[in-house]
>>> print(open('work37.csv').read())   # CSV, C-alpha atoms
chain,number,residue,atom,x,y,z
D,1,MET,CA,93.9,-178.0,-111.8
D,2,ALA,CA,93.4,-174.7,-110.0
D,3,PHE,CA,90.3,-173.2,-108.3
D,4,PRO,CA,89.1,-169.6,-108.8
D,5,ASN,CA,90.0,-168.6,-105.2
D,6,GLN,CA,93.6,-169.7,-105.9
D,7,LEU,CA,93.9,-167.4,-108.9
D,8,PHE,CA,91.6,-164.5,-108.4
D,9,TYR,CA,90.7,-162.0,-105.7
D,10,LYS,CA,87.0,-161.8,-104.8
D,11,SER,CA,85.6,-158.3,-104.5
D,12,ASP,CA,82.8,-157.2,-102.2
D,13,ASP,CA,80.3,-157.3,-105.1
D,14,GLY,CA,81.3,-161.0,-105.8
D,15,ARG,CA,83.5,-160.5,-108.9
D,16,TYR,CA,86.6,-162.6,-109.4
D,17,LEU,CA,89.5,-160.3,-110.4
D,18,ALA,CA,93.1,-161.0,-111.3
D,19,TYR,CA,94.2,-157.7,-109.6
D,20,TRP,CA,92.5,-155.0,-107.5
D,21,PRO,CA,91.5,-152.3,-110.0
D,22,LYS,CA,92.8,-148.8,-109.3
D,23,GLY,CA,90.2,-146.9,-107.3
D,24,TYR,CA,88.8,-150.0,-105.7
D,25,ARG,CA,87.7,-149.1,-102.1
D,26,GLY,CA,86.4,-152.4,-100.9
D,27,ARG,CA,87.9,-155.0,-98.6
D,28,LYS,CA,91.2,-156.5,-99.9
D,29,SER,CA,93.0,-159.8,-99.3
D,30,THR,CA,96.5,-161.0,-100.1
D,31,LEU,CA,96.7,-163.8,-102.6
D,32,GLN,CA,99.9,-165.9,-102.5
D,33,SER,CA,98.5,-169.3,-103.7
D,34,ARG,CA,98.8,-168.5,-107.4
D,35,ASN,CA,102.6,-167.7,-107.4
D,36,SER,CA,103.6,-171.3,-107.8
D,37,LEU,CA,100.8,-172.1,-110.2
D,38,ILE,CA,101.8,-169.2,-112.5
D,39,GLY,CA,105.5,-170.0,-112.1
D,40,GLU,CA,104.9,-173.6,-113.3
D,41,PHE,CA,102.6,-172.5,-116.2
D,42,THR,CA,105.0,-169.8,-117.5
D,43,GLU,CA,108.0,-172.1,-117.3
D,44,ASN,CA,106.1,-174.7,-119.3
D,45,TRP,CA,105.1,-172.0,-121.8
D,46,VAL,CA,108.6,-170.7,-122.2
D,47,CYS,CA,109.9,-174.3,-122.6
D,48,ASN,CA,107.4,-175.0,-125.4
D,49,LEU,CA,108.2,-171.8,-127.2
D,50,PHE,CA,111.9,-172.2,-127.1
D,51,GLY,CA,111.6,-175.9,-128.0
D,52,ASN,CA,110.1,-174.9,-131.3
D,53,LEU,CA,112.9,-172.4,-132.0
D,54,ILE,CA,116.0,-174.5,-131.3
D,55,ASP,CA,117.1,-176.5,-134.4
D,56,ASP,CA,119.9,-178.5,-132.8
D,57,GLU,CA,118.5,-181.9,-131.9
D,58,GLY,CA,121.4,-182.4,-129.5
D,59,LEU,CA,120.1,-179.7,-127.2
D,60,PHE,CA,117.5,-180.1,-124.5
D,61,LEU,CA,115.4,-177.8,-122.4
D,62,VAL,CA,115.4,-178.8,-118.8
D,63,LYS,CA,113.1,-177.2,-116.1
D,64,GLN,CA,114.1,-176.9,-112.5
D,65,ALA,CA,117.6,-178.0,-113.3
D,66,ARG,CA,120.2,-178.4,-110.6
D,67,ILE,CA,123.9,-177.6,-111.1
D,68,PRO,CA,125.5,-178.4,-107.7
D,69,SER,CA,129.0,-177.2,-108.6
D,70,LEU,CA,127.5,-173.7,-109.4
D,71,GLY,CA,125.5,-173.6,-106.1
D,72,ILE,CA,122.3,-174.3,-108.0
D,73,THR,CA,120.6,-176.9,-105.8
D,74,SER,CA,117.1,-178.2,-105.2
D,75,ARG,CA,116.5,-175.3,-102.8
D,76,SER,CA,116.9,-172.8,-105.6
D,77,PRO,CA,117.1,-174.6,-109.0
D,78,ALA,CA,117.5,-172.9,-112.3
D,79,ASP,CA,114.1,-172.3,-113.9
D,80,ILE,CA,115.1,-173.4,-117.4
D,81,VAL,CA,118.4,-174.4,-118.9
D,82,ILE,CA,119.4,-175.4,-122.4
D,83,ALA,CA,121.8,-178.3,-122.1
D,84,ASP,CA,123.3,-181.0,-124.2
D,85,ASN,CA,122.1,-183.7,-121.7
D,86,ASN,CA,118.5,-184.3,-120.8
D,87,LYS,CA,118.7,-184.7,-117.1
D,88,LYS,CA,117.9,-182.7,-113.9
D,89,ILE,CA,121.3,-182.7,-112.4
D,90,LEU,CA,123.9,-181.2,-114.7
D,91,LYS,CA,127.6,-180.3,-114.8
D,92,PRO,CA,128.5,-176.8,-115.9
D,93,CYS,CA,130.2,-178.1,-119.1
D,94,GLU,CA,126.8,-179.5,-120.1
D,95,VAL,CA,124.9,-176.2,-119.8
D,96,LYS,CA,124.6,-173.8,-122.7
D,97,VAL,CA,122.3,-171.2,-121.3
D,98,ILE,CA,120.5,-170.5,-118.0
D,99,PHE,CA,117.1,-168.8,-118.0
D,100,GLU,CA,115.4,-167.3,-115.0
D,101,VAL,CA,111.7,-166.8,-115.6
D,102,LYS,CA,110.0,-163.7,-114.1
D,103,MET,CA,106.6,-163.8,-115.8
D,104,SER,CA,103.2,-163.0,-114.3
D,105,ILE,CA,99.7,-161.9,-115.1
D,106,VAL,CA,100.0,-158.6,-117.0
D,107,TRP,CA,96.4,-157.6,-117.8
D,108,ASN,CA,93.6,-157.5,-115.3
D,109,TRP,CA,91.0,-160.3,-115.9
D,110,GLN,CA,87.5,-160.9,-114.6
D,111,TYR,CA,86.4,-164.5,-114.3
D,112,ASP,CA,82.8,-165.5,-114.6
D,113,ALA,CA,82.2,-168.7,-112.8
D,114,LYS,CA,78.8,-169.4,-114.4
D,115,SER,CA,80.1,-169.3,-117.9
D,116,ASN,CA,83.7,-170.3,-117.1
D,117,ARG,CA,84.9,-167.3,-119.2
D,118,LEU,CA,87.5,-164.7,-118.8
D,119,THR,CA,87.1,-161.0,-119.7
D,120,GLU,CA,90.0,-158.6,-120.0
D,121,ILE,CA,89.2,-155.4,-118.1
D,122,GLY,CA,92.4,-153.4,-118.5
D,123,ASP,CA,96.2,-153.5,-119.0
D,124,PHE,CA,98.6,-153.1,-116.1
D,125,ARG,CA,98.1,-149.4,-116.0
D,126,THR,CA,94.6,-149.9,-114.7
D,127,HIS,CA,95.2,-152.2,-111.8
D,128,GLN,CA,97.1,-151.9,-108.5
D,129,GLY,CA,99.5,-154.8,-108.8
D,130,LYS,CA,102.8,-154.6,-110.7
D,131,PRO,CA,103.6,-157.5,-113.0
D,132,SER,CA,106.9,-159.1,-114.1
D,133,PHE,CA,109.7,-156.6,-114.9
D,134,THR,CA,107.7,-153.7,-113.4
D,135,ARG,CA,108.1,-155.1,-109.9
D,136,SER,CA,111.4,-154.0,-108.2
D,137,ASP,CA,111.3,-156.9,-105.8
D,138,SER,CA,111.0,-159.4,-108.6
D,139,ILE,CA,113.9,-157.8,-110.5
D,140,LEU,CA,116.1,-157.6,-107.5
D,141,LYS,CA,115.5,-161.3,-106.7
D,142,ALA,CA,116.5,-162.2,-110.2
D,143,ILE,CA,119.6,-160.1,-110.1
D,144,GLY,CA,120.6,-161.5,-106.8
D,145,LYS,CA,120.3,-165.1,-108.0
D,146,CYS,CA,122.2,-164.4,-111.2
D,147,ILE,CA,125.0,-162.8,-109.3
D,148,ASP,CA,125.2,-165.8,-107.0
D,149,ILE,CA,125.5,-168.1,-110.0
D,150,ARG,CA,128.1,-165.9,-111.7
D,151,VAL,CA,130.4,-165.4,-108.8
D,152,PHE,CA,130.0,-168.8,-107.2
D,153,ASN,CA,133.2,-170.0,-109.0
D,154,GLY,CA,134.8,-169.8,-112.3
D,155,GLN,CA,132.9,-172.7,-113.8
D,156,SER,CA,130.0,-170.4,-114.8
D,157,SER,CA,132.3,-168.0,-116.8
D,158,LYS,CA,131.2,-169.3,-120.2
D,159,ILE,CA,127.4,-169.8,-119.5
D,160,PRO,CA,125.1,-166.9,-120.6
D,161,ILE,CA,122.4,-166.0,-118.1
D,162,ILE,CA,119.1,-164.5,-119.3
D,163,VAL,CA,116.1,-163.2,-117.3
D,164,ILE,CA,112.8,-163.8,-119.1
D,165,GLY,CA,109.8,-161.6,-118.5
D,166,ASN,CA,106.6,-160.4,-120.1
D,167,ALA,CA,106.3,-156.7,-119.3
D,168,PRO,CA,108.4,-153.6,-119.8
D,169,LEU,CA,111.4,-153.0,-117.6
D,170,SER,CA,110.7,-150.3,-115.0
D,171,ASN,CA,112.5,-147.0,-115.7
D,172,GLY,CA,114.6,-147.2,-112.6
D,173,PHE,CA,116.3,-150.5,-113.7
D,174,CYS,CA,117.2,-149.6,-117.3
D,175,LYS,CA,120.7,-148.3,-116.6
D,176,LYS,CA,121.2,-151.2,-114.2
D,177,ALA,CA,120.2,-153.7,-116.9
D,178,ASP,CA,122.7,-152.2,-119.3
D,179,TYR,CA,125.5,-152.2,-116.7
D,180,LEU,CA,124.8,-155.8,-115.8
D,181,LYS,CA,125.1,-156.7,-119.5
D,182,SER,CA,128.2,-154.6,-120.1
D,183,SER,CA,129.9,-156.1,-117.1
D,184,GLY,CA,129.0,-159.6,-118.2
D,185,ILE,CA,127.0,-160.7,-115.2
D,186,ILE,CA,123.6,-161.0,-116.9
D,187,GLN,CA,123.4,-161.2,-120.7
D,188,GLY,CA,120.0,-159.6,-120.9
D,189,PHE,CA,116.5,-159.1,-119.6
D,190,TRP,CA,114.2,-160.3,-122.4
D,191,SER,CA,110.5,-159.6,-122.6
D,192,LEU,CA,108.5,-162.0,-124.7
D,193,ASN,CA,105.4,-159.8,-124.8
D,194,PRO,CA,105.3,-157.5,-127.9
D,195,PHE,CA,102.1,-155.6,-126.9
D,196,PRO,CA,101.7,-155.3,-123.1
D,197,LEU,CA,99.5,-152.3,-123.4
D,198,ASN,CA,96.1,-152.0,-125.0
D,199,HIS,CA,96.9,-148.5,-126.3
D,200,GLY,CA,100.3,-147.0,-126.9
D,201,ASN,CA,103.8,-148.6,-127.1
D,202,THR,CA,106.5,-149.6,-124.7
D,203,ARG,CA,110.3,-149.5,-124.7
D,204,LYS,CA,111.8,-151.8,-127.4
D,205,THR,CA,115.3,-151.8,-125.9
D,206,THR,CA,117.7,-150.0,-123.7
D,207,PRO,CA,120.8,-148.2,-125.2
D,208,LYS,CA,123.2,-151.1,-124.6
D,209,ARG,CA,120.5,-153.8,-125.1
D,210,GLY,CA,120.5,-155.0,-121.5
D,211,PHE,CA,116.7,-155.1,-122.0
D,212,ILE,CA,115.0,-156.2,-125.2
D,213,ARG,CA,111.3,-156.6,-126.1
D,214,PHE,CA,110.8,-159.3,-128.7
D,215,ASP,CA,108.1,-158.7,-131.2
D,216,ASN,CA,108.1,-162.0,-133.2
D,217,THR,CA,109.5,-165.5,-133.0
D,218,SER,CA,112.1,-165.0,-135.8
D,219,GLU,CA,113.7,-162.1,-133.8
D,220,LEU,CA,113.8,-164.3,-130.7
D,221,LYS,CA,115.2,-167.2,-132.6
D,222,THR,CA,118.0,-165.1,-133.9
D,223,HIS,CA,119.0,-164.0,-130.4
D,224,ILE,CA,118.8,-167.5,-129.0
D,225,ASN,CA,121.1,-168.8,-131.8
D,226,LYS,CA,123.5,-166.0,-131.2
D,227,LEU,CA,124.0,-167.3,-127.6
D,228,PHE,CA,125.3,-170.5,-129.0
D,229,THR,CA,127.7,-169.0,-131.6
D,230,GLN,CA,129.4,-166.4,-129.3
D,231,ASP,CA,132.4,-167.7,-127.3
D,232,LEU,CA,131.6,-165.6,-124.2
D,233,ASN,CA,133.9,-165.4,-121.2
D,234,PHE,CA,133.1,-163.7,-117.9
D,235,PHE,CA,135.9,-162.0,-116.0
D,236,SER,CA,136.1,-159.5,-113.2
D,237,GLY,CA,138.7,-158.0,-111.0
D,238,MET,CA,140.1,-154.9,-109.4
D,239,GLU,CA,143.7,-154.3,-110.4
D,240,ASN,CA,146.0,-151.3,-110.5
D,241,LEU,CA,147.1,-150.0,-113.8
D,242,LYS,CA,150.6,-151.2,-113.5
D,243,ASP,CA,149.6,-154.8,-113.1
D,244,LEU,CA,147.0,-154.5,-115.9
D,245,GLY,CA,149.7,-153.2,-118.2
D,246,LYS,CA,151.9,-156.2,-117.4
D,247,TYR,CA,149.1,-158.6,-118.2
D,248,ILE,CA,148.4,-156.8,-121.5
D,249,GLU,CA,152.1,-156.8,-122.4
D,250,SER,CA,152.4,-160.5,-121.6
D,251,ALA,CA,149.2,-161.4,-123.5
D,252,ASN,CA,150.4,-159.4,-126.5
D,253,GLU,CA,153.2,-161.8,-127.1
D,254,GLU,CA,150.8,-164.4,-128.4
D,255,ASN,CA,150.1,-164.8,-132.1
D,256,THR,CA,146.3,-164.7,-132.6
D,257,TYR,CA,143.6,-162.6,-131.0
D,258,GLU,CA,142.1,-165.7,-129.4
D,259,GLU,CA,145.4,-166.7,-127.9
D,260,LYS,CA,146.0,-163.2,-126.6
D,261,GLY,CA,142.5,-163.1,-125.0
D,262,LEU,CA,143.0,-166.5,-123.4
D,263,LYS,CA,146.4,-165.6,-122.0
D,264,PHE,CA,145.0,-162.3,-120.6
D,265,LEU,CA,142.1,-164.2,-118.9
D,266,ASN,CA,144.5,-166.8,-117.4
D,267,LEU,CA,146.8,-164.1,-116.1
D,268,ILE,CA,143.9,-162.3,-114.4
D,269,LYS,CA,142.6,-165.6,-112.8
D,270,ARG,CA,146.1,-166.5,-111.7
D,271,TYR,CA,146.8,-163.3,-109.8
>>> encode(input="work37.csv", output="structure tokens")
Amino acid sequence: MAFPNQLFYKSDDGRYLAYWPKGYRGRKSTLQSRNSLIGEFTENWVCNLFGNLIDDEGLFLVKQARIPSLGITSRSPADIVIADNNKKILKPCEVKVIFEVKMSIVWNWQYDAKSNRLTEIGDFRTHQGKPSFTRSDSILKAIGKCIDIRVFNGQSSKIPIIVIGNAPLSNGFCKKADYLKSSGIIQGFWSLNPFPLNHGNTRKTTPKRGFIRFDNTSELKTHINKLFTQDLNFFSGMENLKDLGKYIESANEENTYEEKGLKFLNLIKRY
């Protein structure tokens, strides 16, 4: 249970507001108490949504999961993972997908304590706070955590990492999202909010689909299922062309594309 002063700012004229409206000139305060409350609520919401979309009864959604061998501990657990074991402490081989949730209040809301009702008073263009993917500090924090997981050791190389939000990705991060996807570090920034604006539309996707806005559950389900069917492998390195040529020549001696790919990855990891 949360109290109004934990979720809303109180203006000089006594209104409870989710954000300070643009043009507000009264006294302001900083509200930090709702971050954990919103985090818990949105993680539960995402779990319930994804739970209805996953058909495999052998898969489980685990909140605040720990994967010690990937550096994911109780100090900074994974927000949500899909795993084939329903427990809080997991091995990398048990984890199918890691989700980092960066959702927040998108619209501005006014709360009436007498009637216990909420009234929407504007989308995020009308208030001073920036929600979800429009906040650079939130995006950078998510990127940093995902990179830490990806480069901690090679055991994360087959686990997709997705950042979940509920607002458009800010213009300054679109190219970065595409690069992170192309390089294999993060498999996507997904917005689960089809209509974040009261009037007008927002970006559906970036050119390389590093960011995607999902407009219905069937579209989301298709992309979730695709994460399970793709045999993804993360690899990185900085090699000269001569050595790369040697790896390619050696890998090409194998018979199938899969064997060639595996040989090439093993050669890169070895050297």
>>> closest_residue(input="work37.csv", among="D:Ser29, D:Asn225, D:Gln128, D:Asn193", to="Met103 of chain D", atoms="all atoms listed in the file")
D:Asn193
>>> residues_near_point(input="work37.csv", point="(114.8, -178.3, -123.1)", cutoff="12 Å", atoms="all atoms listed in the file", output="PyMOL selection string")
chain D and resi 43-65+79-88+95-99
>>> write_last_selection(input="work37.csv", atoms="C-alpha atoms", output="compact mmCIF listing (two decimals), keeping the file's coordinate frame")
# COMPACT_ATOMS: atom_id res chain seq x y z
CA GLU D 43 108.00 -172.10 -117.30
CA ASN D 44 106.10 -174.70 -119.30
CA TRP D 45 105.10 -172.00 -121.80
CA VAL D 46 108.60 -170.70 -122.20
CA CYS D 47 109.90 -174.30 -122.60
CA ASN D 48 107.40 -175.00 -125.40
CA LEU D 49 108.20 -171.80 -127.20
CA PHE D 50 111.90 -172.20 -127.10
CA GLY D 51 111.60 -175.90 -128.00
CA ASN D 52 110.10 -174.90 -131.30
CA LEU D 53 112.90 -172.40 -132.00
CA ILE D 54 116.00 -174.50 -131.30
CA ASP D 55 117.10 -176.50 -134.40
CA ASP D 56 119.90 -178.50 -132.80
CA GLU D 57 118.50 -181.90 -131.90
CA GLY D 58 121.40 -182.40 -129.50
CA LEU D 59 120.10 -179.70 -127.20
CA PHE D 60 117.50 -180.10 -124.50
CA LEU D 61 115.40 -177.80 -122.40
CA VAL D 62 115.40 -178.80 -118.80
CA LYS D 63 113.10 -177.20 -116.10
CA GLN D 64 114.10 -176.90 -112.50
CA ALA D 65 117.60 -178.00 -113.30
CA ASP D 79 114.10 -172.30 -113.90
CA ILE D 80 115.10 -173.40 -117.40
CA VAL D 81 118.40 -174.40 -118.90
CA ILE D 82 119.40 -175.40 -122.40
CA ALA D 83 121.80 -178.30 -122.10
CA ASP D 84 123.30 -181.00 -124.20
CA ASN D 85 122.10 -183.70 -121.70
CA ASN D 86 118.50 -184.30 -120.80
CA LYS D 87 118.70 -184.70 -117.10
CA LYS D 88 117.90 -182.70 -113.90
CA VAL D 95 124.90 -176.20 -119.80
CA LYS D 96 124.60 -173.80 -122.70
CA VAL D 97 122.30 -171.20 -121.30
CA ILE D 98 120.50 -170.50 -118.00
CA PHE D 99 117.10 -168.80 -118.00
>>> residues_around(input="work37.csv", residues="Lys176 of chain D", least_positions_apart="6", cutoff="12 Å", atoms="all atoms listed in the file", output="list in words")
Ser136, Ile139, Leu140, Ile143, Leu169, Ser170, Ser182, Ser183, Ile185, Ile186, Gly188, Phe189, Thr206, Pro207, Lys208, Arg209, Gly210 and Phe211 of chain D
>>> closest_atom_pairs(input="work37.csv", of="segment 149-208 of chain D", to="segment 132-135 of chain D", cutoff="10 Å", atoms="all atoms listed in the file", output="Markdown table")
| residue | atom | partner | partner_atom | distance |
| --- | --- | --- | --- | --- |
| D:Val163 | CA | D:Phe133 | CA | 9.5 |
| D:Ile164 | CA | D:Phe133 | CA | 8.9 |
| D:Gly165 | CA | D:Ser132 | CA | 5.8 |
| D:Asn166 | CA | D:Ser132 | CA | 6.1 |
| D:Ala167 | CA | D:Phe133 | CA | 5.6 |
| D:Pro168 | CA | D:Phe133 | CA | 5.9 |
| D:Leu169 | CA | D:Phe133 | CA | 4.8 |
| D:Ser170 | CA | D:Thr134 | CA | 4.8 |
| D:Asn171 | CA | D:Thr134 | CA | 8.6 |
| D:Gly172 | CA | D:Thr134 | CA | 9.5 |
| D:Phe173 | CA | D:Phe133 | CA | 9.1 |
| D:Phe189 | CA | D:Phe133 | CA | 8.6 |
| D:Trp190 | CA | D:Phe133 | CA | 9.5 |
| D:Ser191 | CA | D:Phe133 | CA | 8.3 |
>>> closest_residue(input="work37.csv", among="D:Thr217, D:Thr119, D:Thr202, D:Asn233", to="Gln155 of chain D", atoms="only C-alpha atoms")
D:Asn233
>>> residues_around(input="work37.csv", residues="Asn266 of chain D", least_positions_apart="6", cutoff="12 Å", atoms="only C-alpha atoms", output="PyMOL selection string")
chain D and resi 154+233-236+247-248+250-251+259-260
>>> write_last_selection(input="work37.csv", atoms="C-alpha atoms", output="PDB file, in the frame of the given file")
ATOM      1  CA  GLY D 154     134.800-169.800-112.300  1.00  0.00           C
ATOM      2  CA  ASN D 233     133.900-165.400-121.200  1.00  0.00           C
ATOM      3  CA  PHE D 234     133.100-163.700-117.900  1.00  0.00           C
ATOM      4  CA  PHE D 235     135.900-162.000-116.000  1.00  0.00           C
ATOM      5  CA  SER D 236     136.100-159.500-113.200  1.00  0.00           C
ATOM      6  CA  TYR D 247     149.100-158.600-118.200  1.00  0.00           C
ATOM      7  CA  ILE D 248     148.400-156.800-121.500  1.00  0.00           C
ATOM      8  CA  SER D 250     152.400-160.500-121.600  1.00  0.00           C
ATOM      9  CA  ALA D 251     149.200-161.400-123.500  1.00  0.00           C
ATOM     10  CA  GLU D 259     145.400-166.700-127.900  1.00  0.00           C
ATOM     11  CA  LYS D 260     146.000-163.200-126.600  1.00  0.00           C
TER      12      LYS D 260
END
>>> closest_residue(input="work37.csv", among="D:Leu118, D:Ile224, D:Ile67, D:Ala142", to="Phe8 of chain D", atoms="only C-alpha atoms")
D:Leu118
>>> closest_residue(input="work37.csv", among="D:Ile72, D:Leu241, D:Leu90, D:Ile38", to="Ala2 of chain D", atoms="only C-alpha atoms")
D:Ile38
>>> residues_around(input="work37.csv", residues="Asp12 of chain D", least_positions_apart="3", cutoff="8 Å", atoms="only C-alpha atoms", output="list of chain:residue names")
D:Arg15, D:Gly26, D:Arg27
>>> closest_residue(input="work37.csv", among="D:Leu180, D:Asn198, D:Gly71, D:Leu244", to="Phe152 of chain D", atoms="only C-alpha atoms")
D:Gly71
>>> closest_residue(input="work37.csv", among="D:Pro77, D:Gly261, D:Pro194, D:Pro21", to="Tyr9 of chain D", atoms="only C-alpha atoms")
D:Pro21
>>> atom_distance(input="work37.csv", atom1="atom CA of Pro160 of chain D", atom2="atom CA of Thr42 of chain D")
20.5 Å
>>> atom_distance(input="work37.csv", atom1="atom CA of Tyr16 of chain D", atom2="atom CA of Thr126 of chain D")
15.9 Å
>>> atom_distance(input="work37.csv", atom1="atom CA of Gly184 of chain D", atom2="atom CA of Ile105 of chain D")
29.6 Å
>>> build_atoms(input="work37.csv", residues="segment 98-112 of chain D", atoms="N, CA and C atoms", output="CSV table (one decimal), in the coordinates of the input")
chain,number,residue,atom,x,y,z
D,98,ILE,N,121.4,-170.4,-119.1
D,98,ILE,CA,120.5,-170.5,-118.0
D,98,ILE,C,119.5,-169.4,-118.1
D,99,PHE,N,118.2,-169.7,-118.0
D,99,PHE,CA,117.1,-168.8,-118.0
D,99,PHE,C,116.4,-168.7,-116.7
D,100,GLU,N,116.3,-167.5,-116.1
D,100,GLU,CA,115.4,-167.3,-115.0
D,100,GLU,C,114.1,-166.6,-115.5
D,101,VAL,N,113.0,-167.2,-115.1
D,101,VAL,CA,111.7,-166.8,-115.6
D,101,VAL,C,111.0,-165.9,-114.6
D,102,LYS,N,110.7,-164.7,-114.9
D,102,LYS,CA,110.0,-163.7,-114.1
D,102,LYS,C,108.8,-163.2,-114.8
D,103,MET,N,107.8,-164.1,-115.1
D,103,MET,CA,106.6,-163.8,-115.8
D,103,MET,C,105.4,-163.8,-114.9
D,104,SER,N,104.4,-163.1,-115.2
D,104,SER,CA,103.2,-163.0,-114.3
D,104,SER,C,102.0,-162.6,-115.1
D,105,ILE,N,100.9,-162.4,-114.5
D,105,ILE,CA,99.7,-161.9,-115.1
D,105,ILE,C,99.9,-160.4,-115.4
D,106,VAL,N,99.8,-160.0,-116.6
D,106,VAL,CA,100.0,-158.6,-117.0
D,106,VAL,C,98.7,-157.8,-117.0
D,107,TRP,N,97.7,-158.3,-117.7
D,107,TRP,CA,96.4,-157.6,-117.8
D,107,TRP,C,95.6,-158.0,-116.6
D,108,ASN,N,94.5,-157.2,-116.4
D,108,ASN,CA,93.6,-157.5,-115.3
D,108,ASN,C,92.4,-158.3,-116.0
D,109,TRP,N,92.0,-159.4,-115.4
D,109,TRP,CA,91.0,-160.3,-115.9
D,109,TRP,C,89.9,-160.5,-114.9
D,110,GLN,N,88.7,-160.6,-115.4
D,110,GLN,CA,87.5,-160.9,-114.6
D,110,GLN,C,87.0,-162.3,-115.0
D,111,TYR,N,86.8,-163.1,-114.0
D,111,TYR,CA,86.4,-164.5,-114.3
D,111,TYR,C,84.9,-164.7,-113.9
D,112,ASP,N,84.2,-165.2,-114.8
D,112,ASP,CA,82.8,-165.5,-114.6
D,112,ASP,C,82.6,-167.0,-114.4
